[in-house]
$ cat coords_29.txt   # compact mmCIF, C-alpha atoms
# COMPACT_ATOMS: atom_id res chain seq x y z
CA MET S 103 -22.09 19.18 -4.22
CA GLY S 104 -24.68 18.72 -1.48
CA PHE S 105 -23.11 15.46 -0.26
CA GLU S 106 -24.01 14.53 3.31
CA LEU S 107 -20.86 12.78 4.51
CA CYS S 108 -17.08 12.95 4.17
CA LEU S 109 -14.73 10.13 5.18
CA VAL S 110 -11.48 10.91 7.00
CA ASP S 111 -9.22 7.93 6.34
CA ASN S 112 -6.52 6.23 8.39
CA TRP S 113 -3.74 7.94 10.38
CA TRP S 114 -6.04 10.90 11.14
CA ASP S 115 -5.16 10.65 14.83
CA LYS S 116 -1.45 11.06 13.96
CA ASN S 117 -1.64 13.46 11.02
CA ILE S 118 -4.52 15.69 12.16
CA GLY S 119 -5.04 15.00 15.86
CA ARG S 120 -8.19 14.74 17.91
CA GLU S 121 -8.53 18.43 18.70
CA ARG S 122 -8.37 19.40 15.05
CA ILE S 123 -10.75 16.56 14.11
CA ALA S 124 -13.26 18.11 16.50
CA GLU S 125 -12.62 21.47 14.84
CA LEU S 126 -13.01 19.92 11.37
CA SER S 127 -16.27 18.28 12.44
CA ARG S 128 -17.68 21.63 13.58
CA TYR S 129 -16.59 23.26 10.33
CA ALA S 130 -18.12 20.46 8.25
CA GLN S 131 -21.43 20.64 10.11
CA GLY S 132 -21.53 24.35 9.35
CA LYS S 133 -21.49 23.34 5.66
CA GLY S 134 -24.20 20.69 6.14
CA VAL S 135 -21.67 17.83 6.06
CA SER S 136 -20.97 15.19 8.72
CA LEU S 137 -17.74 13.25 9.16
CA MET S 138 -17.12 9.51 9.12
CA LEU S 139 -13.87 8.33 10.75
CA TRP S 140 -11.66 5.34 9.86
CA TYR S 141 -10.60 2.88 12.58
CA ASN S 142 -8.43 -0.20 12.78
CA SER S 143 -10.48 -3.10 14.15
CA ASN S 144 -7.49 -4.66 15.98
CA GLY S 145 -9.50 -7.84 15.98
CA PHE S 146 -8.24 -11.41 16.11
CA GLU S 147 -5.15 -11.99 13.91
CA ASN S 148 -4.94 -8.30 12.95
CA ASP S 149 -1.43 -6.84 13.00
CA ALA S 150 -2.07 -3.98 10.55
CA PRO S 151 -0.13 -0.89 11.69
CA GLN S 152 -2.56 1.82 10.57
CA THR S 153 -4.06 3.95 13.33
CA PRO S 154 -6.23 4.69 15.28
CA ARG S 155 -5.68 1.34 16.98
CA GLY S 156 -7.03 -0.12 20.21
CA CYS S 157 -10.35 1.74 20.00
CA MET S 158 -12.74 -0.89 18.64
CA ASP S 159 -11.65 -4.28 20.02
CA ASN S 160 -13.05 -4.02 23.56
CA SER S 161 -16.25 -2.60 25.02
CA ILE S 162 -14.60 -0.07 27.36
CA ALA S 163 -12.51 1.52 24.60
CA ARG S 164 -15.46 1.49 22.16
CA ASP S 165 -17.78 3.16 24.64
CA ARG S 166 -15.26 5.92 25.37
CA GLU S 167 -14.46 6.45 21.67
CA MET S 168 -18.06 6.45 20.48
CA ALA S 169 -19.14 8.85 23.23
CA TRP S 170 -16.39 11.23 22.05
CA MET S 171 -17.50 10.90 18.42
CA LYS S 172 -21.10 11.65 19.35
CA SER S 173 -20.01 14.70 21.35
CA ILE S 174 -18.28 16.26 18.31
CA GLY S 175 -21.00 15.32 15.79
CA VAL S 176 -19.33 12.46 13.91
CA LYS S 177 -21.99 10.35 12.16
CA GLY S 178 -20.24 7.15 11.18
CA ILE S 179 -17.21 4.85 11.26
CA LYS S 180 -15.32 2.78 8.71
CA VAL S 181 -13.68 -0.15 10.52
CA ASP S 182 -10.96 -1.99 8.63
CA PHE S 183 -8.75 -5.12 8.79
CA PHE S 184 -10.72 -8.03 10.23
CA GLY S 185 -8.64 -11.21 10.38
CA GLY S 186 -10.59 -14.34 9.49
CA ASP S 187 -14.10 -15.62 10.20
CA LYS S 188 -13.56 -17.26 13.59
CA GLN S 189 -16.22 -16.84 16.27
CA GLU S 190 -14.22 -14.18 18.11
CA THR S 191 -14.03 -12.03 14.98
CA MET S 192 -17.70 -12.56 14.09
CA ARG S 193 -18.65 -11.44 17.61
CA LEU S 194 -16.52 -8.33 17.17
CA TYR S 195 -18.49 -7.27 14.08
CA GLU S 196 -21.78 -7.46 15.95
CA ASP S 197 -20.39 -5.87 19.10
CA ILE S 198 -19.23 -2.88 17.04
CA LEU S 199 -22.61 -2.66 15.28
CA TYR S 200 -24.52 -2.91 18.57
CA ASP S 201 -22.49 -0.25 20.38
CA ALA S 202 -22.37 2.07 17.37
CA ASN S 203 -26.16 1.86 17.08
CA ARG S 204 -26.47 3.06 20.70
CA TYR S 205 -24.53 6.18 19.74
CA GLY S 206 -26.27 6.76 16.39
CA LEU S 207 -23.20 5.89 14.31
CA LEU S 208 -23.33 4.40 10.81
CA CYS S 209 -20.99 1.45 10.19
CA ILE S 210 -18.98 0.45 7.11
CA PHE S 211 -16.66 -2.58 7.31
CA HIS S 212 -13.56 -3.02 5.14
CA GLY S 213 -11.04 -5.82 4.91
CA CYS S 214 -13.89 -8.00 6.09
CA THR S 215 -16.09 -11.02 5.54
CA LEU S 216 -19.16 -11.22 3.33
CA PRO S 217 -22.18 -9.98 5.33
CA ARG S 218 -25.10 -12.36 5.70
CA GLY S 219 -28.14 -10.66 7.17
CA TRP S 220 -26.71 -7.66 9.03
CA GLU S 221 -28.80 -5.33 6.85
CA ARG S 222 -31.90 -6.74 8.53
CA MET S 223 -30.39 -6.99 12.01
CA TYR S 224 -28.83 -3.55 12.52
CA PRO S 225 -30.36 -0.30 11.21
CA ASN S 226 -26.94 1.40 11.29
CA PHE S 227 -25.18 -1.19 9.10
CA VAL S 228 -24.34 0.48 5.78
CA ALA S 229 -22.07 -1.82 3.78
CA SER S 230 -19.15 -4.20 3.79
CA GLU S 231 -16.29 -4.21 1.31
CA ALA S 232 -15.70 -8.00 1.03
CA VAL S 233 -14.48 -7.49 -2.52
CA LEU S 234 -11.28 -6.43 -4.31
CA ALA S 235 -12.44 -2.83 -4.31
CA SER S 236 -11.62 0.44 -6.06
CA GLU S 237 -8.55 1.25 -3.96
CA ASN S 238 -6.83 -1.39 -6.08
CA VAL S 239 -7.66 0.64 -9.19
CA PHE S 240 -5.47 3.31 -7.60
CA PHE S 241 -2.75 1.00 -6.29
CA ASN S 242 -2.22 -1.09 -9.41
CA GLU S 243 -2.65 -0.42 -13.13
CA HIS S 244 -3.57 -4.08 -13.68
CA HIS S 245 -6.72 -3.61 -11.61
CA ALA S 246 -7.46 -0.31 -13.32
CA LYS S 247 -7.54 -2.22 -16.61
CA GLN S 248 -9.76 -4.89 -15.00
CA GLN S 249 -12.29 -2.42 -13.59
CA GLY S 250 -14.80 -2.84 -16.41
CA PHE S 251 -14.70 -6.63 -16.12
CA GLU S 252 -15.06 -6.56 -12.32
CA LEU S 253 -17.96 -4.11 -12.20
CA THR S 254 -19.91 -6.10 -14.77
CA MET S 255 -19.22 -9.28 -12.80
CA HIS S 256 -20.15 -8.20 -9.25
CA PRO S 257 -23.85 -7.48 -9.95
CA PHE S 258 -24.13 -11.23 -10.64
CA CYS S 259 -22.09 -12.49 -7.68
CA ARG S 260 -20.77 -10.39 -4.78
CA ASN S 261 -23.35 -7.58 -4.91
CA ALA S 262 -26.22 -10.01 -5.51
CA VAL S 263 -25.62 -11.39 -2.00
CA ALA S 264 -25.44 -8.19 0.06
CA THR S 265 -24.66 -4.49 0.01
CA MET S 266 -21.13 -3.87 -1.35
CA ASP S 267 -18.83 -0.95 -0.59
CA TRP S 268 -16.81 -1.01 -3.81
CA GLY S 269 -15.45 2.42 -2.95
CA GLY S 270 -15.24 5.53 -5.07
CA VAL S 271 -16.95 6.60 -8.24
CA ILE S 272 -13.66 7.89 -9.70
CA MET S 273 -13.93 11.06 -11.78
CA ASN S 274 -10.23 11.89 -12.24
CA LYS S 275 -8.83 10.86 -15.63
CA TYR S 276 -5.58 9.81 -13.95
CA LEU S 277 -5.14 8.05 -10.64
CA SER S 278 -3.40 10.94 -8.93
CA LYS S 279 -4.29 14.13 -7.12
CA ASP S 280 -2.82 16.27 -9.89
CA ASN S 281 -4.90 14.35 -12.48
CA SER S 282 -1.94 14.07 -14.85
CA SER S 283 0.51 11.53 -13.40
CA ARG S 284 0.47 7.81 -12.54
CA HIS S 285 -1.69 5.46 -14.64
CA PRO S 286 -4.94 6.54 -16.32
CA ARG S 287 -8.48 5.44 -15.63
CA TYR S 288 -9.61 2.93 -18.26
CA THR S 289 -13.34 3.64 -18.03
CA THR S 290 -15.36 6.58 -19.30
CA ASP S 291 -17.13 9.22 -17.22
CA ALA S 292 -20.52 7.72 -18.07
CA PHE S 293 -19.28 4.29 -16.93
CA GLU S 294 -18.17 5.69 -13.58
CA ILE S 295 -21.41 7.57 -12.96
CA ALA S 296 -23.47 4.52 -13.93
CA THR S 297 -21.67 2.42 -11.31
CA ALA S 298 -23.31 4.55 -8.62
CA ILE S 299 -26.52 2.82 -9.73
CA THR S 300 -25.32 -0.68 -10.63
CA ASN S 301 -23.34 -0.96 -7.36
CA GLN S 302 -25.78 -1.26 -4.47
CA THR S 303 -24.69 0.31 -1.19
CA ALA S 304 -26.52 2.63 1.20
CA VAL S 305 -23.66 5.14 1.27
CA GLN S 306 -22.32 5.83 -2.21
CA CYS S 307 -18.74 7.12 -2.25
CA ILE S 308 -18.00 9.75 -4.90
CA ALA S 309 -14.20 10.11 -5.02
CA MET S 310 -14.24 13.83 -5.73
CA GLN S 311 -11.06 15.85 -6.15
CA PRO S 312 -11.12 19.67 -5.99
CA ASN S 313 -10.18 19.86 -9.69
CA ASN S 314 -13.30 17.85 -10.60
CA LEU S 315 -15.49 20.81 -9.64
CA LYS S 316 -13.85 22.88 -12.38
CA GLU S 317 -13.09 20.20 -14.96
CA LEU S 318 -16.26 18.11 -15.07
CA PRO S 319 -19.06 19.29 -17.36
CA GLN S 320 -22.23 20.57 -15.71
CA ASN S 321 -24.37 17.63 -16.88
CA GLU S 322 -22.12 15.18 -15.00
CA LEU S 323 -21.98 17.30 -11.83
CA ASP S 324 -25.77 17.68 -11.86
CA LEU S 325 -26.32 13.92 -12.08
CA LEU S 326 -23.79 13.19 -9.33
CA ARG S 327 -25.54 15.72 -7.08
CA ARG S 328 -28.95 14.08 -7.43
CA MET S 329 -27.77 10.45 -7.25
CA PRO S 330 -29.85 8.41 -4.75
CA THR S 331 -28.22 5.86 -2.46
CA THR S 332 -31.26 3.86 -1.33
CA TRP S 333 -33.58 1.93 -3.60
CA ASP S 334 -37.17 0.70 -3.26
CA GLU S 335 -37.08 -1.67 -6.24
CA THR S 336 -34.42 -3.25 -8.45
CA ARG S 337 -34.86 -4.87 -11.85
CA PHE S 338 -32.28 -6.80 -13.86
CA ILE S 339 -32.73 -5.94 -17.54
CA ASP S 340 -29.86 -7.51 -19.46
CA GLY S 341 -26.28 -8.59 -19.12
CA TYR S 342 -23.61 -11.26 -19.08
CA PRO S 343 -21.06 -11.59 -16.25
CA GLY S 344 -17.83 -9.79 -17.06
CA ARG S 345 -19.13 -8.28 -20.31
CA TYR S 346 -22.06 -5.96 -19.71
CA VAL S 347 -24.96 -5.26 -17.39
CA VAL S 348 -28.12 -3.14 -17.54
CA MET S 349 -30.14 -2.57 -14.36
CA ALA S 350 -33.04 -0.38 -13.29
CA ARG S 351 -33.57 0.92 -9.77
CA CYS S 352 -36.36 2.99 -8.26
CA HIS S 353 -35.98 5.62 -5.52
CA GLY S 354 -39.40 6.84 -4.41
CA ASN S 355 -41.16 7.57 -7.69
CA GLU S 356 -37.97 8.10 -9.70
CA TRP S 357 -36.49 5.38 -11.90
CA TYR S 358 -32.83 5.19 -12.91
CA VAL S 359 -31.60 2.81 -15.63
CA ALA S 360 -27.84 2.22 -15.81
CA GLY S 361 -25.75 0.21 -18.23
CA LEU S 362 -22.05 -0.77 -18.30
CA ASN S 363 -20.06 -2.16 -21.23
CA ALA S 364 -16.79 -3.89 -20.25
CA THR S 365 -15.82 -4.90 -23.79
CA ASP S 366 -13.51 -3.08 -26.18
CA LYS S 367 -16.22 -2.68 -28.81
CA PRO S 368 -19.45 -0.60 -28.96
CA LEU S 369 -22.40 -2.56 -27.62
CA GLN S 370 -25.77 -2.16 -29.33
CA LEU S 371 -28.82 -3.03 -27.24
CA THR S 372 -32.58 -2.65 -27.32
CA ILE S 373 -33.47 -1.74 -23.75
CA PRO S 374 -37.02 -2.19 -22.38
CA LEU S 375 -38.14 0.96 -20.58
CA ASP S 376 -41.58 -0.07 -19.32
CA MET S 377 -40.93 1.71 -16.02
CA PHE S 378 -41.53 4.98 -17.92
CA ALA S 379 -44.95 5.82 -19.36
CA PRO S 380 -45.27 6.11 -23.18
CA GLY S 381 -44.82 9.69 -24.28
CA THR S 382 -42.65 10.56 -21.28
CA THR S 383 -39.43 12.40 -22.03
CA VAL S 384 -36.48 11.22 -19.98
CA SER S 385 -32.81 12.14 -19.82
CA LEU S 386 -30.07 9.98 -21.40
CA LEU S 387 -26.43 10.34 -20.33
CA ASN S 388 -24.11 8.64 -22.83
CA ASP S 389 -20.49 8.80 -23.93
CA GLN S 390 -19.55 10.69 -27.05
CA PRO S 391 -18.27 8.11 -29.55
CA THR S 392 -14.61 8.41 -30.53
CA THR S 393 -13.18 8.09 -34.03
CA VAL S 394 -9.88 6.69 -32.72
CA PRO S 395 -9.93 2.86 -32.54
CA GLY S 396 -9.31 1.63 -29.00
CA ALA S 397 -9.53 5.09 -27.45
CA LEU S 398 -11.92 5.95 -24.66
CA ALA S 399 -14.74 8.39 -25.25
CA SER S 400 -13.51 11.82 -24.30
CA GLY S 401 -16.78 13.32 -23.08
CA THR S 402 -20.45 12.76 -22.38
CA THR S 403 -23.72 14.07 -23.72
CA THR S 404 -27.07 14.44 -22.00
CA THR S 405 -29.99 14.33 -24.42
CA PRO S 406 -33.77 14.01 -24.09
CA LEU S 407 -35.24 10.61 -24.94
CA LYS S 408 -38.96 10.25 -25.63
CA ILE S 409 -40.44 6.91 -24.57
CA ASN S 410 -42.22 5.30 -27.53
CA LYS S 411 -45.36 3.16 -27.49
CA LYS S 412 -43.30 -0.04 -27.29
CA GLN S 413 -41.53 1.40 -24.22
CA GLN S 414 -38.10 0.48 -25.48
CA ALA S 415 -35.10 2.20 -27.02
CA LYS S 416 -32.17 1.18 -29.17
CA MET S 417 -28.84 2.59 -28.07
CA THR S 418 -25.10 2.04 -28.18
CA ILE S 419 -22.90 1.80 -25.09
CA GLN S 420 -19.33 2.76 -25.93
CA PRO S 421 -16.31 0.54 -25.11
CA ASN S 422 -15.62 0.59 -21.36
CA GLY S 423 -18.48 3.06 -21.27
CA GLY S 424 -21.87 3.48 -19.71
CA ILE S 425 -25.33 4.99 -19.90
CA VAL S 426 -27.76 6.47 -17.40
CA ILE S 427 -31.44 7.01 -18.16
CA CYS S 428 -33.54 8.89 -15.62
CA GLU S 429 -36.53 11.16 -15.38
CA LEU S 430 -35.80 14.82 -15.94
CA PRO S 431 -35.47 16.76 -12.67
CA THR S 432 -38.40 18.91 -11.65
CA PRO S 433 -37.56 22.61 -12.31

$ encode --input "coords_29.txt" --output "structure tokens"
Amino acid sequence: MGFELCLVDNWWDKNIGRERIAELSRYAQGKGVSLMLWYNSNGFENDAPQTPRGCMDNSIARDREMAWMKSIGVKGIKVDFFGGDKQETMRLYEDILYDANRYGLLCIFHGCTLPRGWERMYPNFVASEAVLASENVFFNEHHAKQQGFELTMHPFCRNAVATMDWGGVIMNKYLSKDNSSRHPRYTTDAFEIATAITNQTAVQCIAMQPNNLKELPQNELDLLRRMPTTWDETRFIDGYPGRYVVMARCHGNEWYVAGLNATDKPLQLTIPLDMFAPGTTVSLLNDQPTTVPGALASGTTTTPLKINKKQQAKMTIQPNGGIVICELPTP
């Protein structure tokens, strides 16, 4: 897929071991991929049992651990379970960021407070969770059903404040490795892909499963491959918290327009597209409408869209569905 990073989540020290992590890192680098490793913060009021533990809560352990990560080519850390906002815990965040920056390590925080300014203070700060994130879509069917509501709410609240690590763009139809058991996903493929644009974070997690490489249509794989993670400009176009949102973001000279519909009915909108010159032909990813009331769209289409003189377009976003409009890739 051409993705740059792969996260190895908790218990890796127990289930894989440090020697094999070093081996995995070498293998990944041979494929043009770098690892990020999960750590328990073990900060104030943190009794979470997941390991590795005792590696991030004091300067001596951090220095030893980060020197080892640098020596095997690891590029980032995801540090989880921060208890409270007391001064001791707030110092721990910045101590981790400061030391990680010395070793060239990117930082993602989970189970954490809302960040207020770290993006401008530390060049290696990527994102903080500070939200009821996508892991809950996996853990609980209630949150899977709420996903549309939540991801049309956060652009107006949580993500408007600071970068947000919501977690994975989920491409499995069911929340299981075999893609046939447990509860289903209640959003369409176009919705999921559009969230990679509406959710702002400098490392975008695509929750790929091996079966996705065979099951997803080529138009979806192509768009996931070229998805930017950093933006030079953001424009709010339309929306209402918890119902729908349409946003435009620019990466370099390329504009991406994404829309999400969290309602159970098709949403008809006239979308201004003045970021594209009249006469330009762009690409529109949309869900195929279904004839079954209440059913999710079963597939997506990618069609050319010519920008008219008014620089606007009428379109329908399917229930719990999405759209992505972007410039056609250069051959």

$ residues_around --input "coords_29.txt" --residues "Met223 in chain S" --least-positions-apart "4" --cutoff "10 Å" --atoms "only C-alpha atoms" --output "CSV table (one decimal) with C-alpha atoms, in the frame of the given file"
chain,number,residue,atom,x,y,z
S,196,GLU,CA,-21.8,-7.5,16.0
S,199,LEU,CA,-22.6,-2.7,15.3
S,200,TYR,CA,-24.5,-2.9,18.6
S,218,ARG,CA,-25.1,-12.4,5.7
S,219,GLY,CA,-28.1,-10.7,7.2
S,227,PHE,CA,-25.2,-1.2,9.1

$ atom_distance --input "coords_29.txt" --atom1 "CA of Leu386 in chain S" --atom2 "CA of Pro421 in chain S"
17.1 Å

$ atom_distance --input "coords_29.txt" --atom1 "CA of Ala235 in chain S" --atom2 "CA of Lys116 in chain S"
25.4 Å

$ atom_distance --input "coords_29.txt" --atom1 "CA of Glu237 in chain S" --atom2 "CA of Cys307 in chain S"
11.9 Å

$ closest_residue --input "coords_29.txt" --among "S:Gln413, S:Thr403, S:Thr300, S:Asn388" --to "Met266 in chain S" --atoms "all atoms listed in the file"
S:Thr300
